[in-house]
Amino acid sequence: MRAGIGAPEPAVRNVRSDDHIRTAPGGRDQERIIDDTEPGSALRYPPGSLVLLAGLPGAGKSTLLNRLYGLSGDETRPVAAGNVRIIDSRQSRNWWSRFLRPLPVRLRTPLVHVTHVWRIASAVVAGHGVVAHTRGTWPHILYCFAWLARRRGGRLHLILIDVDPATARAGQFARGRAVTGVTFARHCKRWIPLIERARGGALPPADGVTVLDREAADRLRAIRFG
């Protein structure tokens, strides 16, 4: 699905590496892909939006946040970029690692996940625009986020990084932190139907979905609000 000048804004936009990314007019509550040409492409959202960046483990979510917002991976709290809060699950992991390092990962993970979700919800309630890392495969959490964003006058948008499982698995080993084979298989089982639905049409409860392949994600230069 390709953006075109004068075309209706689709609920789901697929952006591939060979696409020519152009301005597409849309309503207040929908995202637009714009062509900056120099230095690159950008995604634009209405102020106060909750933008969730999802993909398989190793797909490149944290790498993208690092590049766009200058994150080091050592942060323990959400990072402010104007009135936008950048929230990566590593921030919660780093926060708790100081206290829970002796515990096995399987015991730390639930607490890290709850803290991450709470931080996203808190930023939305405070009225900030949010760009956050998420698994994206737990519908009940997405529906809760969508409800919360709308209560605050915003909307939920998804950016899905679409890479094949083999590429994502290689990304895990490259970063030096790989999930177990069983865990990864579970992620794939939930992710594959979700990405197929996104390619085919609207993906409730999100008001807009942008699907990026790896090359398109590498070309992205900004996520903007306003």
# chains A, B, ... in the order shown; residues from 1 in each chain; ligands from 1
$ closest_atom_pairs --of "stretch 22-135 of chain A" --to "stretch 148-151 of chain A" --cutoff "8 Å" --atoms "only C-alpha atoms" --output "Markdown table"
| residue | atom | partner | partner_atom | distance |
| --- | --- | --- | --- | --- |
| A:Ser49 | CA | A:Ala149 | CA | 7.2 |
| A:Leu50 | CA | A:Ala149 | CA | 6.6 |
| A:Ala121 | CA | A:Leu148 | CA | 7.4 |
| A:Val124 | CA | A:Ala149 | CA | 6.3 |
| A:Val125 | CA | A:Leu148 | CA | 7.4 |
$ write_last_selection --atoms "C-alpha atoms" --output "tab-separated table (two decimals), in the first residue's frame"
chain	number	residue	atom	x	y	z
A	49	SER	CA	-0.56	10.59	20.34
A	50	LEU	CA	0.62	7.31	21.83
A	121	ALA	CA	0.33	4.75	31.05
A	124	VAL	CA	-0.19	9.28	28.64
A	125	VAL	CA	-2.17	10.35	31.73
$ select_by_dssp --residues "chain A" --states "alpha helix (DSSP H)" --output "ChimeraX atom specification"
/A:61-69,89-100,105-125,139-151,165-175,181-200,214-219
$ closest_residue --among "A:Arg119, A:Arg135, A:Arg90, A:His128" --to "A:Arg190" --atoms "only C-alpha atoms"
A:Arg135
$ residues_around --residues "stretch 70-86 of chain A" --least-positions-apart "3" --cutoff "7 Å" --atoms "only C-alpha atoms" --output "PyMOL selection string"
chain A and resi 65-67+90-92+94-95+123+128-132
$ residues_around --residues "A:Pro205" --least-positions-apart "3" --cutoff "7 Å" --atoms "only C-alpha atoms" --output "PyMOL selection string"
chain A and resi 142-143+146
$ select_by_dssp --residues "stretch 47-191 of chain A" --states "strand (DSSP E)" --output "PyMOL selection string"
chain A and resi 50-54+79-81+84-87+129-134+156-161
$ write_last_selection --atoms "C-alpha atoms" --output "CSV table (one decimal), in the first residue's frame"
chain,number,residue,atom,x,y,z
A,50,LEU,CA,0.6,7.3,21.8
A,51,VAL,CA,2.9,5.7,19.3
A,52,LEU,CA,3.9,2.1,20.0
A,53,LEU,CA,6.9,0.6,18.2
A,54,ALA,CA,6.4,-3.2,17.9
A,79,VAL,CA,13.7,10.2,28.1
A,80,ALA,CA,12.1,13.6,27.4
A,81,ALA,CA,12.2,15.0,23.9
A,84,VAL,CA,7.2,13.7,24.1
A,85,ARG,CA,8.4,10.8,26.3
A,86,ILE,CA,10.6,8.1,24.8
A,87,ILE,CA,10.0,4.8,26.7
A,129,GLY,CA,3.0,12.4,23.4
A,130,VAL,CA,4.7,9.0,23.8
A,131,VAL,CA,6.9,6.8,21.6
A,132,ALA,CA,7.3,3.5,23.3
A,133,HIS,CA,8.8,0.1,22.7
A,134,THR,CA,6.3,-2.8,23.0
A,156,LEU,CA,-3.1,5.1,19.6
A,157,HIS,CA,-0.9,4.4,16.6
A,158,LEU,CA,1.3,1.5,15.8
A,159,ILE,CA,4.6,1.2,13.9
A,160,LEU,CA,5.3,-2.4,13.1
A,161,ILE,CA,8.8,-3.4,12.1
$ closest_residue --among "A:Leu111, A:Ala168, A:Ala217, A:Ile120" --to "A:Phe99" --atoms "only C-alpha atoms"
A:Leu111
$ closest_residue --among "A:Gly171, A:Gly55, A:Pro165, A:Gly200" --to "A:Thr137" --atoms "only C-alpha atoms"
A:Gly55
$ closest_atom_pairs --of "stretch 30-113 of chain A" --to "stretch 177-187 of chain A" --cutoff "9 Å" --atoms "only C-alpha atoms" --output "CSV"
residue,atom,partner,partner_atom,distance
A:Leu56,CA,A:His187,CA,6.7
A:Pro57,CA,A:Phe184,CA,7.6
A:Gly58,CA,A:Ala178,CA,8.1
$ atom_distance --atom1 "atom CA of A:Phe173" --atom2 "atom CA of A:Gly60"
12.1 Å
